[in-house]
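Asker: Can you keep this structure in mind? I'll have questions shortly.
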Amino acid sequence: MKVLLINPPDTASKYKFIGLVAPTLGIAYIAAVLEENGVDVKIIDGSALEMSWEELEKEIPKYSPDIIAVTAVTPAIDQGLRTAKIGKKVCPDAYVVLGGYHSTFTYDEVLKNDFVDIVVCGEGEYTMLELAETIESGGDLRKVKGIATKDFKTPPRPIIENLDEIPFPARHLLPMDKYKILNSKLPVGTLISGRGCPFQCSFCSSAAMHGHKLRLRSAENIVDEMEHLINDHDADMIAFMDDTFTVNKRRVEEICTKMKERDLNVYWGCTARVDTLSKDILEKMKDAGCITLFVGVESADQQQLDNLNKQTTIEKIKRAFELTRELDVRTIASVVLGMPGDTKQSIRNTIDFVKNLNPSYAIFSLATPYPGTRFYMKAKEENLIKINDWSKYSLMTPVLETVDCSLEELRKMQRKAFREFYLRPGYILRQTRMDGPIILKTIFAILKDVSKHK
């Protein structure tokens, strides 16, 4: 049994603004589980390899796969489907499988394509393993939990309760030399320390996928993987890609303690909620090597925060950024413009608010209702969605109008937000002192990327 896992060409991370091209950990986890159970598996990361479609078409049949499994996020679903179509063309006898967030929540739409045989819904590691074993043995696919076909959908697979049981991602199958951060090919490693989120943010597709029950890997297991990244992949920077790494203070402290005990000489960054940050935990994190926090700000309007079900306050946001500035920890502020209820004035207030917070970087995303989220269901019910082309769901193209903002006005306000934030002389001087001349290259790349979207 041979399984080929593919991340399609022409896809881009939502963190492209900070020049991040990260390993596709989802399919690397699946590959690790398959390998552990004796399945012959390969990965093609077409995006990281900057592979052309012609090159992909030549590459796929080299492996003679029995299963071709493709992952694709919402704005890249067209690339995912194009990859699937190529796979079926060059290996007509192979089963073509799609998985990931988008396919999970739109499996009926995906399966309308005659070149897609199966959709894996939900967490894919053990579903793909059972699927491969069932196909190899000629068994009944109706007994495989967590899949959908043109003829049936099976019951969902229970979530993986003990994440320590999953082997580390099969990074040896990835082009590790192709990943980068801040547009430079630095030895950067990524890892995920937990799944699920106890919070109820209406726009979050991750919680819709992994559930609201927080499942955390043990501190020992996490630090083991950090050592693996340092020793086997020469990582000198590690990014935790969790929804909220700081949600459990005790575990964060334990991880930091173990990093110090093992003398891990590595810088790292993580995601954080403002209401999980305090001076003592930030000091412990910085002492253990933390240099960057990715923080959800979203809006300067308390009513909008409440509408998003963020369960936080403007004052907590201000206090968190005061602490990070005081301790000289970099911050990336994530902001969303154009939510239902937003007005020109509330957006203006949010832009000014973020400038006053003085984060190291800011990402001004446009409100995008992803399938599976409560935000998407509400927007669809209320007929707010004006654009149905999934390729536009990139956070850079407006897909819904607000009370007094047209799609074009939202686009202009987003461009203005980026320009106002990044072209402040005081900001450029401060960040140059912190990050060096590379900040100028990063600012240029950000503004260039923003200006090309329509």
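The way I read the labels, and the way they are meant: chains A, B, ... in the order of the structure tokens, residue 1 as the first residue of every chain, and ligand 1 as the first ligand shown, with later ones counted on from there.
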Compile the contact shell of segment 220-225 of chain A as a PyMOL selection string: residues with an atom at most 8 Å away, counting only C-alpha atoms, same-chain residues fewer than 2 positions apart removed.
Answerer: chain A and resi 164+168+191+193+217-218+227-229+255+258-259
Asker: Need to verify the contact set: segment 361-364 of chain A, 9 Å, only C-alpha atoms, exclusion of same-chain residues closer than 3 positions in sequence. Can you return it as a PyMOL selection string?
Answerer: chain A and resi 15+17-18+298+330-337+351+354-355+358+395-396+414-415+417-418+421-422
Asker: For Asn37 of chain A, which of A:Glu133, A:Asp10, A:Asp66, A:Glu50 is the closest residue, counting only C-alpha atoms?
Answerer: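 Result for the nearest residue to Asn37 of chain A: A:Glu133.
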Asker: Could you list, as a VMD selection string, every residue within 7 Å of Val399 of chain A, counting only C-alpha atoms and ignoring same-chain residues fewer than 4 positions away?
Answerer: chain A and resid 368 385 to 387
Asker: Go through A:Asn162, A:Asn388, A:Thr313, A:Asn356 and flag the residue nearest Glu420 of chain A, using only C-alpha atoms for the distances.
Answerer: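 The answer is A:Asn356, which sits nearest to Glu420 of chain A.
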Asker: I'd like the interatomic distance between atom CA of Leu5 of chain A and atom CA of Ala148 of chain A, to a tenth of an Å.
Answerer: 18.2 Å
Asker: Could you please write out, as a count of residues only, every residue of segment 23-265 of chain A that DSSP assigns to strand (DSSP E or B)?
Answerer: 37
Asker: Between atom CA of Glu109 of chain A and atom CA of Asp389 of chain A, what is the distance, to one decimal in Å?
Answerer: 13.2 Å
Asker: In Å, with one decimal, what is the gap from atom CA of Asp78 of chain A to atom CA of His172 of chain A?
Answerer: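 We find that atom CA of Asp78 of chain A and atom CA of His172 of chain A lie 27.8 Å from each other.
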Asker: With DSSP run on the backbone, what are the alpha helix (DSSP H) residues within segment 216-447 of chain A? I'd like them as JSON, numbers by chain.
Answerer: {"A": [219, 220, 221, 222, 223, 224, 225, 226, 227, 228, 229, 230, 231, 232, 233, 249, 250, 251, 252, 253, 254, 255, 256, 257, 258, 259, 260, 261, 279, 280, 281, 282, 283, 284, 285, 286, 287, 302, 303, 304, 305, 306, 307, 314, 315, 316, 317, 318, 319, 320, 321, 322, 323, 324, 325, 326, 344, 345, 346, 347, 348, 349, 350, 351, 352, 353, 354, 355, 356, 357, 374, 375, 376, 377, 378, 379, 380, 381, 407, 408, 409, 410, 411, 412, 413, 414, 415, 416, 417, 418, 419, 420, 421, 422, 425, 426, 427, 428, 429, 430, 431, 432, 433, 434, 435, 438, 439, 440, 441, 442, 443, 444, 445, 446, 447]}
Asker: Got time to write the residues from that selection, C-alpha atoms, as a short mmCIF file (atom, residue, chain, number, x, y, z; two decimals), in the first residue's frame?
Answerer:
data_model
loop_
_atom_site.label_atom_id
_atom_site.label_comp_id
_atom_site.auth_asym_id
_atom_site.auth_seq_id
_atom_site.Cartn_x
_atom_site.Cartn_y
_atom_site.Cartn_z
CA ALA A 219 5.20 19.24 28.85
CA GLU A 220 7.66 16.32 28.64
CA ASN A 221 6.38 15.32 25.20
CA ILE A 222 6.52 18.91 23.92
CA VAL A 223 10.08 19.53 25.09
CA ASP A 224 11.10 16.16 23.59
CA GLU A 225 9.85 17.43 20.22
CA MET A 226 11.67 20.73 20.69
CA GLU A 227 14.89 18.79 21.24
CA HIS A 228 14.12 16.76 18.12
CA LEU A 229 13.74 19.97 16.11
CA ILE A 230 16.99 21.38 17.48
CA ASN A 231 19.09 18.22 17.19
CA ASP A 232 17.70 16.66 14.00
CA HIS A 233 16.62 19.77 12.05
CA LYS A 249 -0.73 28.77 32.84
CA ARG A 250 0.50 25.80 34.87
CA ARG A 251 1.47 23.86 31.75
CA VAL A 252 3.23 26.89 30.25
CA GLU A 253 5.27 27.21 33.44
CA GLU A 254 6.10 23.51 33.35
CA ILE A 255 7.22 23.71 29.71
CA CYS A 256 9.42 26.73 30.48
CA THR A 257 10.95 24.94 33.47
CA LYS A 258 11.79 21.87 31.39
CA MET A 259 13.30 24.05 28.65
CA LYS A 260 15.62 25.57 31.24
CA GLU A 261 16.43 22.20 32.82
CA LYS A 279 3.83 39.75 34.27
CA ASP A 280 5.02 36.62 36.07
CA ILE A 281 4.14 34.22 33.23
CA LEU A 282 5.64 36.55 30.61
CA GLU A 283 8.86 36.78 32.62
CA LYS A 284 9.07 32.98 32.82
CA MET A 285 8.40 32.66 29.09
CA LYS A 286 11.01 35.26 28.16
CA ASP A 287 13.57 33.68 30.47
CA GLN A 302 -16.20 46.35 23.07
CA GLN A 303 -19.56 45.62 21.48
CA GLN A 304 -17.83 44.01 18.52
CA LEU A 305 -15.63 41.93 20.84
CA ASP A 306 -18.79 40.76 22.58
CA ASN A 307 -20.43 39.99 19.23
CA ILE A 314 -10.41 46.56 25.81
CA GLU A 315 -8.65 47.17 29.12
CA LYS A 316 -7.19 43.66 29.16
CA ILE A 317 -5.90 44.19 25.63
CA LYS A 318 -4.21 47.44 26.64
CA ARG A 319 -2.67 45.88 29.74
CA ALA A 320 -1.29 42.88 27.82
CA PHE A 321 0.51 45.11 25.32
CA GLU A 322 1.83 47.34 28.11
CA LEU A 323 3.38 44.24 29.69
CA THR A 324 4.94 43.00 26.46
CA ARG A 325 6.47 46.42 25.77
CA GLU A 326 7.74 46.61 29.34
CA LYS A 344 -16.36 53.42 9.03
CA GLN A 345 -15.91 55.08 12.40
CA SER A 346 -15.46 51.86 14.35
CA ILE A 347 -12.88 50.67 11.82
CA ARG A 348 -11.11 54.04 12.06
CA ASN A 349 -11.09 53.68 15.85
CA THR A 350 -9.63 50.17 15.60
CA ILE A 351 -6.80 51.30 13.32
CA ASP A 352 -5.90 54.13 15.72
CA PHE A 353 -6.19 51.79 18.70
CA VAL A 354 -3.74 49.29 17.19
CA LYS A 355 -1.23 52.03 16.39
CA ASN A 356 -1.41 53.16 20.02
CA LEU A 357 -0.89 49.59 21.25
CA ARG A 374 -20.94 30.06 13.68
CA PHE A 375 -19.95 33.25 11.90
CA TYR A 376 -20.42 31.55 8.51
CA MET A 377 -23.79 30.07 9.45
CA LYS A 378 -25.06 33.43 10.74
CA ALA A 379 -23.74 35.36 7.73
CA LYS A 380 -25.38 32.86 5.37
CA GLU A 381 -28.70 32.96 7.23
CA LEU A 407 -16.77 45.98 -0.48
CA GLU A 408 -14.54 48.53 -2.20
CA GLU A 409 -14.56 50.85 0.80
CA LEU A 410 -13.49 47.98 3.07
CA ARG A 411 -10.65 47.15 0.73
CA LYS A 412 -9.44 50.76 0.75
CA MET A 413 -9.65 50.93 4.55
CA GLN A 414 -7.60 47.76 4.89
CA ARG A 415 -4.88 49.14 2.62
CA LYS A 416 -4.92 52.37 4.59
CA ALA A 417 -4.58 50.46 7.88
CA PHE A 418 -1.43 48.66 6.67
CA ARG A 419 0.13 51.82 5.24
CA GLU A 420 -0.61 53.91 8.33
CA PHE A 421 0.77 51.28 10.68
CA TYR A 422 3.95 50.30 8.83
CA PRO A 425 8.92 56.86 10.92
CA GLY A 426 8.98 56.19 14.66
CA TYR A 427 7.80 52.62 14.12
CA ILE A 428 10.44 51.95 11.44
CA LEU A 429 13.23 53.28 13.67
CA ARG A 430 12.05 51.24 16.67
CA GLN A 431 11.70 47.98 14.73
CA THR A 432 15.01 48.49 12.95
CA ARG A 433 16.67 48.69 16.35
CA MET A 434 14.90 45.49 17.40
CA ASP A 435 15.02 43.39 14.22
CA ILE A 438 15.47 43.01 7.59
CA ILE A 439 12.43 44.97 8.83
CA LEU A 440 12.61 47.19 5.73
CA LYS A 441 12.44 44.14 3.47
CA THR A 442 9.53 42.79 5.54
CA ILE A 443 7.59 46.08 5.39
CA PHE A 444 8.09 46.27 1.62
CA ALA A 445 6.89 42.66 1.21
CA ILE A 446 3.82 43.28 3.38
CA LEU A 447 2.73 46.41 1.54
#
